[in-house]
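Okay, so here's the structure we're looking at.
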Amino acid sequence: MPSTFKGRDVISISEFTKPDILAVLKKAAQLKKQPQPKLLEGYVLGSCFFEPSTRTRLSFETAMQRLGGRVVGFADPSVTSTKKGETLYDSIRIVSQYTDVIAMRHPLDGAARRATEASDKPIINGGDGANQHPTQTLLDLFTIQETQKKLENLSIAFVGDLKYGRTVHSLAQALTHFNARIYCVAPKNLQMPDYILDELKANKIKFSLHEKMSDILPKVDILYLTRIQEERFPDRMEYEQVKNIYRLTAQDLHGIKKNLRILHPLPRVNELATDVDASPHAYYFEQAHNGLYVREAVLAMVLGKL
Amino acid sequence: MVNSQTKELSVAAIRQGTVIDHITAGQALLIARILRLPMADKIVTIGLNLPSKLMHTKDLIKVEGRELSPEEANQVALFAPEATISIIRDYHTVKKFAVSLPENISGFIVCPNPKCITNNERMFSNFTVIAGQQIKVRCHYCEKIFRRDEINNFSL
């Protein structure tokens with residue numbers, strides 16, 4: 001349905017209705033099956049990364065190029081006028097005049113929403129501080145659907161840093177559309193924030209809080225591991241206490257459901273041992289790969305070409 | 001004695017303008033600043049900690065020569081939810097209404113999140129009001145939700 005997406009900004013997953021989400025997943029699946037190397041010919045993506053990122057930036061840029069479009073931009077704000085004190089508003093206003101669509105990442109919360117005020121071209125949020133990263137949520141949903149052949153009524157465990165983890169907040173919010181059973185596994189001081197739990201309650205989503213991963217492993221269809229993110233901790237000592245608290249190894253993968261798939265937004269540190277990679281349950285590299293198709297779909301849809 | 005003085009201060013002395021009554025005690029100075037009353041060339045009288053039958057103590061503001069619209073008055077509802085507004089003409093109350101929570105509050109609340117873009121770029125803040133048992137606001141930019149008692153900084 002190009003009409004509803006054409007010209008639209010993609011800032012926050014909370015603005016996506018269930019039909020919106022399903023529309024993106026459907027288009028992404030089509031693009032995965034059948035590449036369209038000329039779809040965005042003549043279009044230019046502005047890739048504005050005010051904060052370093054490899055996966056997100058490369059997958060946006062590759063997505064644009066694989067659809068026949070071109071890319072301009074920067075991967076490091078120190079090469080731009082930001083260093084001279086230019087406001088985000090001015091930077092985006094300029095780039096939007098050169099390009100047809102902008103993908104951006106910024107260290108400050110709310111930066112993407114601010115950028116929409118400076119641009120008459122669609123803005124796609126590739127992460128604004130600790131706030132939102134909607135294309136990550138869409139690629140997570142795409143991967144869950146791909147591995148389970150459905151999105152409804154699945155049991156999903158979130159493990160690790162659920163307090164500061166942006167990806168788990170957005171995914172939990174999106175799963176309220178799909179009647180998920182959610183298990184939150186985290187140390188007490190890193191549990192899922194109340195505002196997310198309140199949202200789950202309001203949507204009648206069943207959830208429970210746990211401290212041990214082993215308790216829930218046999219029950220779940222999706223195990224979504226996250227890194228304990230050192231950079232989000234205000235207190236270094238708090239980080240040291242919890243950094244190695246969860247570690248999944250190949251040995252842990254017994255007595256589990258056959259359809260269980262392990263996802264991780266990557267990069268991983270200690271929480272996911274490399275011996276898990278060979279397991280048929282591991283699916284995190286495919287998950288990262290799917291980011292390409294989801295971003296292709298989003299780019300083409302906001303440009304009114306799908 | 002105090003009560004009769006209050007009555008005189010709040011209503012009788014005003015010829016034309018607005019009386020904001022039943023302000024939560026302690027909030028009048030903030031509300032005067034939110035409404036930019038000190039900046040205008042109008043006489044403003046502020047009463048603090050006045051006795052009130054309904055509220056035990058209350059604050060009160062009267063503004064000579066300016067009539068507040070409901071939209072303007074509603075901007076203060078977050079901080080004085082029980083406030084009443086009386087519009088005075090020729091010493092008579094011609095209109096009286098209670099404030100109600102607006103859908104949006106723009107400009108004067110400083111977002112308590114230091115990492116919010118609004119605290120790092122010259123721009124106005126914007127909050128959506130979430131009504132409920134406990135009133136909360138949600139930042140339009142960083143999307144964080146705050147209780148009223150978490151909002152302590154204002155750009156006025």
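Ligands are numbered from 1 in the order shown, chains are lettered A, B, ... in the order of the structure tokens, and residues start at 1 in each chain.
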Exercise. Mind checking which residues fall within 12 Å of Arg36 of chain B, counting only C-alpha atoms, ignoring those fewer than 4 positions away in the same chain, and posting them as a list in words?
Key: Leu29, Leu30, Ile31, Ala32, Ala40, Asp41, Lys42, Val44, Val63, Arg66, Leu68, Glu72, Ala73, Gln75, Val76, Phe108, Ser155 and Leu156 of chain B
Go ahead and write the residues just picked, N, CA, C and O atoms, as a PDB file, in the first residue's frame.
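Output file part.pdb is given in full below:
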```
ATOM      1  N   LEU B  29       3.937  31.813  41.850  1.00  0.00           N
ATOM      2  CA  LEU B  29       5.058  32.513  41.212  1.00  0.00           C
ATOM      3  C   LEU B  29       5.423  31.820  39.899  1.00  0.00           C
ATOM      4  O   LEU B  29       5.690  32.475  38.885  1.00  0.00           O
ATOM      5  N   LEU B  30       5.418  30.485  39.935  1.00  0.00           N
ATOM      6  CA  LEU B  30       5.708  29.728  38.714  1.00  0.00           C
ATOM      7  C   LEU B  30       4.672  30.026  37.638  1.00  0.00           C
ATOM      8  O   LEU B  30       5.003  30.285  36.472  1.00  0.00           O
ATOM      9  N   ILE B  31       3.396  30.037  38.049  1.00  0.00           N
ATOM     10  CA  ILE B  31       2.322  30.257  37.080  1.00  0.00           C
ATOM     11  C   ILE B  31       2.388  31.664  36.490  1.00  0.00           C
ATOM     12  O   ILE B  31       2.193  31.867  35.295  1.00  0.00           O
ATOM     13  N   ALA B  32       2.721  32.629  37.336  1.00  0.00           N
ATOM     14  CA  ALA B  32       2.870  34.007  36.835  1.00  0.00           C
ATOM     15  C   ALA B  32       3.958  34.056  35.765  1.00  0.00           C
ATOM     16  O   ALA B  32       3.817  34.736  34.747  1.00  0.00           O
ATOM     17  N   ALA B  40       4.776  41.698  31.030  1.00  0.00           N
ATOM     18  CA  ALA B  40       3.840  42.612  30.385  1.00  0.00           C
ATOM     19  C   ALA B  40       3.706  43.878  31.225  1.00  0.00           C
ATOM     20  O   ALA B  40       3.991  43.888  32.416  1.00  0.00           O
ATOM     21  N   ASP B  41       3.232  44.931  30.592  1.00  0.00           N
ATOM     22  CA  ASP B  41       3.132  46.226  31.269  1.00  0.00           C
ATOM     23  C   ASP B  41       1.791  46.324  32.000  1.00  0.00           C
ATOM     24  O   ASP B  41       1.034  47.269  31.813  1.00  0.00           O
ATOM     25  N   LYS B  42       1.482  45.306  32.795  1.00  0.00           N
ATOM     26  CA  LYS B  42       0.183  45.270  33.479  1.00  0.00           C
ATOM     27  C   LYS B  42       0.410  45.086  34.976  1.00  0.00           C
ATOM     28  O   LYS B  42       1.400  44.478  35.384  1.00  0.00           O
ATOM     29  N   VAL B  44       0.067  43.306  38.332  1.00  0.00           N
ATOM     30  CA  VAL B  44      -0.196  41.926  38.752  1.00  0.00           C
ATOM     31  C   VAL B  44      -0.096  41.873  40.268  1.00  0.00           C
ATOM     32  O   VAL B  44       0.867  42.366  40.842  1.00  0.00           O
ATOM     33  N   VAL B  63      -4.717  39.916  37.492  1.00  0.00           N
ATOM     34  CA  VAL B  63      -4.027  40.650  36.441  1.00  0.00           C
ATOM     35  C   VAL B  63      -4.952  41.748  35.947  1.00  0.00           C
ATOM     36  O   VAL B  63      -6.067  41.473  35.507  1.00  0.00           O
ATOM     37  N   ARG B  66      -5.866  42.422  31.424  1.00  0.00           N
ATOM     38  CA  ARG B  66      -5.617  41.339  30.471  1.00  0.00           C
ATOM     39  C   ARG B  66      -6.613  40.208  30.723  1.00  0.00           C
ATOM     40  O   ARG B  66      -6.792  39.775  31.867  1.00  0.00           O
ATOM     41  N   LEU B  68      -7.431  36.404  30.120  1.00  0.00           N
ATOM     42  CA  LEU B  68      -6.821  35.142  29.687  1.00  0.00           C
ATOM     43  C   LEU B  68      -7.831  34.311  28.911  1.00  0.00           C
ATOM     44  O   LEU B  68      -8.983  34.192  29.322  1.00  0.00           O
ATOM     45  N   GLU B  72      -4.872  29.751  27.069  1.00  0.00           N
ATOM     46  CA  GLU B  72      -3.740  30.251  27.865  1.00  0.00           C
ATOM     47  C   GLU B  72      -3.814  29.699  29.285  1.00  0.00           C
ATOM     48  O   GLU B  72      -2.819  29.238  29.843  1.00  0.00           O
ATOM     49  N   ALA B  73      -5.017  29.752  29.856  1.00  0.00           N
ATOM     50  CA  ALA B  73      -5.191  29.326  31.243  1.00  0.00           C
ATOM     51  C   ALA B  73      -4.883  27.836  31.392  1.00  0.00           C
ATOM     52  O   ALA B  73      -4.289  27.407  32.381  1.00  0.00           O
ATOM     53  N   GLN B  75      -2.706  26.096  30.042  1.00  0.00           N
ATOM     54  CA  GLN B  75      -1.270  25.796  30.096  1.00  0.00           C
ATOM     55  C   GLN B  75      -0.770  25.619  31.529  1.00  0.00           C
ATOM     56  O   GLN B  75       0.261  25.003  31.763  1.00  0.00           O
ATOM     57  N   VAL B  76      -1.509  26.206  32.502  1.00  0.00           N
ATOM     58  CA  VAL B  76      -1.054  26.089  33.889  1.00  0.00           C
ATOM     59  C   VAL B  76      -1.734  24.929  34.626  1.00  0.00           C
ATOM     60  O   VAL B  76      -1.411  24.646  35.776  1.00  0.00           O
ATOM     61  N   PHE B 108       7.632  25.809  27.658  1.00  0.00           N
ATOM     62  CA  PHE B 108       8.263  26.233  28.909  1.00  0.00           C
ATOM     63  C   PHE B 108       8.779  25.112  29.796  1.00  0.00           C
ATOM     64  O   PHE B 108       9.583  25.355  30.686  1.00  0.00           O
ATOM     65  N   SER B 155      11.907  26.841  31.241  1.00  0.00           N
ATOM     66  CA  SER B 155      12.586  27.871  30.464  1.00  0.00           C
ATOM     67  C   SER B 155      11.609  29.021  30.322  1.00  0.00           C
ATOM     68  O   SER B 155      10.659  28.944  29.536  1.00  0.00           O
ATOM     69  N   LEU B 156      11.781  30.025  31.155  1.00  0.00           N
ATOM     70  CA  LEU B 156      10.790  31.115  31.219  1.00  0.00           C
ATOM     71  C   LEU B 156      11.450  32.472  31.064  1.00  0.00           C
ATOM     72  O   LEU B 156      12.607  32.635  31.378  1.00  0.00           O
TER      73      LEU B 156
END
```
Practice problem: May I have the residues of chain B within 6 Å of chain A, counting only C-alpha atoms, written as a VMD selection string? | Solution: chain B and resid 115 to 117 141 to 142
Practice problem: Work out how far apart atom CA of Val101 of chain A and atom CA of Ala172 of chain A are and give it in Å to one decimal. | Solution: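 Separation between atom CA of Val101 of chain A and atom CA of Ala172 of chain A: 27.9 Å.
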Quiz item: If you count only C-alpha atoms, which residues fall within 9 Å of segment 13-27 of chain B, apart from same-chain ones fewer than 2 positions away, as a VMD selection string?
Solution: chain B and resid 8 to 11 29 to 32 48 to 50 52 54 to 55 57 to 68 73 79 to 92
Give me the residues near Thr143 of chain A as a PDB file with N, CA, C and O atoms, in the first residue's frame, where near means some atom within 8 Å (using only C-alpha atoms) and where sequence neighbours in that chain fewer than 6 positions away do not count.
```
ATOM      1  N   GLU A 286      21.702 -14.605  10.379  1.00  0.00           N
ATOM      2  CA  GLU A 286      20.609 -14.465   9.403  1.00  0.00           C
ATOM      3  C   GLU A 286      19.749 -13.243   9.747  1.00  0.00           C
ATOM      4  O   GLU A 286      19.276 -12.531   8.868  1.00  0.00           O
ATOM      5  N   GLN A 287      19.571 -13.046  11.064  1.00  0.00           N
ATOM      6  CA  GLN A 287      18.800 -11.886  11.536  1.00  0.00           C
ATOM      7  C   GLN A 287      19.446 -10.592  11.025  1.00  0.00           C
ATOM      8  O   GLN A 287      18.758  -9.721  10.478  1.00  0.00           O
ATOM      9  N   ASN A 290      18.844 -10.167   7.390  1.00  0.00           N
ATOM     10  CA  ASN A 290      17.481  -9.734   7.075  1.00  0.00           C
ATOM     11  C   ASN A 290      17.306  -8.225   7.171  1.00  0.00           C
ATOM     12  O   ASN A 290      16.391  -7.669   6.570  1.00  0.00           O
TER      13      ASN A 290
END
```
Practice problem: Please provide the set of residues having any atom within 10 Å of Ala273 of chain A, restricted to only C-alpha atoms, with same-chain residues fewer than 5 positions apart removed, written as a list in words. | Solution: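 Skipping anything fewer than 5 positions along the chain leaves Arg247, Leu248, Thr249, Ala250 and Arg268 of chain A.
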Just to be explicit: take each residue in the selection above, keep all heavy atoms, and write the result as a short mmCIF file (atom, residue, chain, number, x, y, z; two decimals), in the first residue's frame.
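And here is the file that came out, result_29.cif:
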```cif
data_model
loop_
_atom_site.label_atom_id
_atom_site.label_comp_id
_atom_site.auth_asym_id
_atom_site.auth_seq_id
_atom_site.Cartn_x
_atom_site.Cartn_y
_atom_site.Cartn_z
N ARG A 247 25.42 -16.14 30.18
CA ARG A 247 26.28 -16.60 29.11
C ARG A 247 25.68 -17.87 28.56
O ARG A 247 25.50 -18.86 29.28
CB ARG A 247 27.69 -16.86 29.64
CG ARG A 247 28.65 -17.32 28.56
CD ARG A 247 30.07 -17.34 29.11
NE ARG A 247 30.95 -18.14 28.24
CZ ARG A 247 31.45 -17.70 27.10
NH1 ARG A 247 31.17 -16.49 26.67
NH2 ARG A 247 32.23 -18.48 26.37
N LEU A 248 25.30 -17.85 27.30
CA LEU A 248 24.70 -19.02 26.67
C LEU A 248 25.78 -19.77 25.91
O LEU A 248 26.50 -19.20 25.09
CB LEU A 248 23.60 -18.58 25.70
CG LEU A 248 22.79 -19.73 25.08
CD1 LEU A 248 21.80 -20.29 26.10
CD2 LEU A 248 22.04 -19.27 23.83
N THR A 249 25.91 -21.07 26.21
CA THR A 249 26.88 -21.91 25.48
C THR A 249 26.12 -23.07 24.84
O THR A 249 24.95 -23.30 25.16
CB THR A 249 27.95 -22.48 26.43
OG1 THR A 249 27.30 -23.39 27.32
CG2 THR A 249 28.64 -21.39 27.23
N ALA A 250 26.80 -23.81 23.97
CA ALA A 250 26.17 -24.94 23.28
C ALA A 250 25.64 -25.97 24.28
O ALA A 250 24.63 -26.64 24.05
CB ALA A 250 27.16 -25.58 22.31
N ARG A 268 27.91 -9.00 19.91
CA ARG A 268 27.90 -9.79 21.14
C ARG A 268 29.24 -9.61 21.85
O ARG A 268 30.23 -9.30 21.22
CB ARG A 268 27.67 -11.26 20.82
CG ARG A 268 28.81 -11.85 19.97
CD ARG A 268 28.65 -13.35 19.80
NE ARG A 268 29.29 -13.80 18.56
CZ ARG A 268 29.24 -15.06 18.15
NH1 ARG A 268 28.59 -15.97 18.83
NH2 ARG A 268 29.84 -15.40 17.03
#
```
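If you count only C-alpha atoms and ignore residues fewer than 6 places along the chain from Ala77 of chain B, what sits within 7 Å of it is Val99, Ser100 and Leu101 of chain B.
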File dump, residues just selected, N, CA and C atoms, as a PDB file, in the first residue's frame:
```
ATOM      1  N   VAL B  99      -9.860  25.495  34.944  1.00  0.00           N
ATOM      2  CA  VAL B  99      -8.861  25.090  33.946  1.00  0.00           C
ATOM      3  C   VAL B  99      -9.041  23.609  33.639  1.00  0.00           C
ATOM      4  N   SER B 100      -8.700  23.209  32.421  1.00  0.00           N
ATOM      5  CA  SER B 100      -8.689  21.779  32.121  1.00  0.00           C
ATOM      6  C   SER B 100      -7.369  21.447  31.444  1.00  0.00           C
ATOM      7  N   LEU B 101      -6.962  20.202  31.588  1.00  0.00           N
ATOM      8  CA  LEU B 101      -5.654  19.796  31.066  1.00  0.00           C
ATOM      9  C   LEU B 101      -5.621  19.933  29.548  1.00  0.00           C
TER      10      LEU B 101
END
```
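The smallest atom-to-atom distance between Leu151 of chain A and any of A:Glu238, A:Asp221, A:Asp120, A:Asp100, using only C-alpha atoms, is found for A:Asp221.
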Self-check item: Å distance separating atom CA of Met39 of chain B from atom CA of Asn126 of chain B, one decimal place
Solution: 22.5 Å
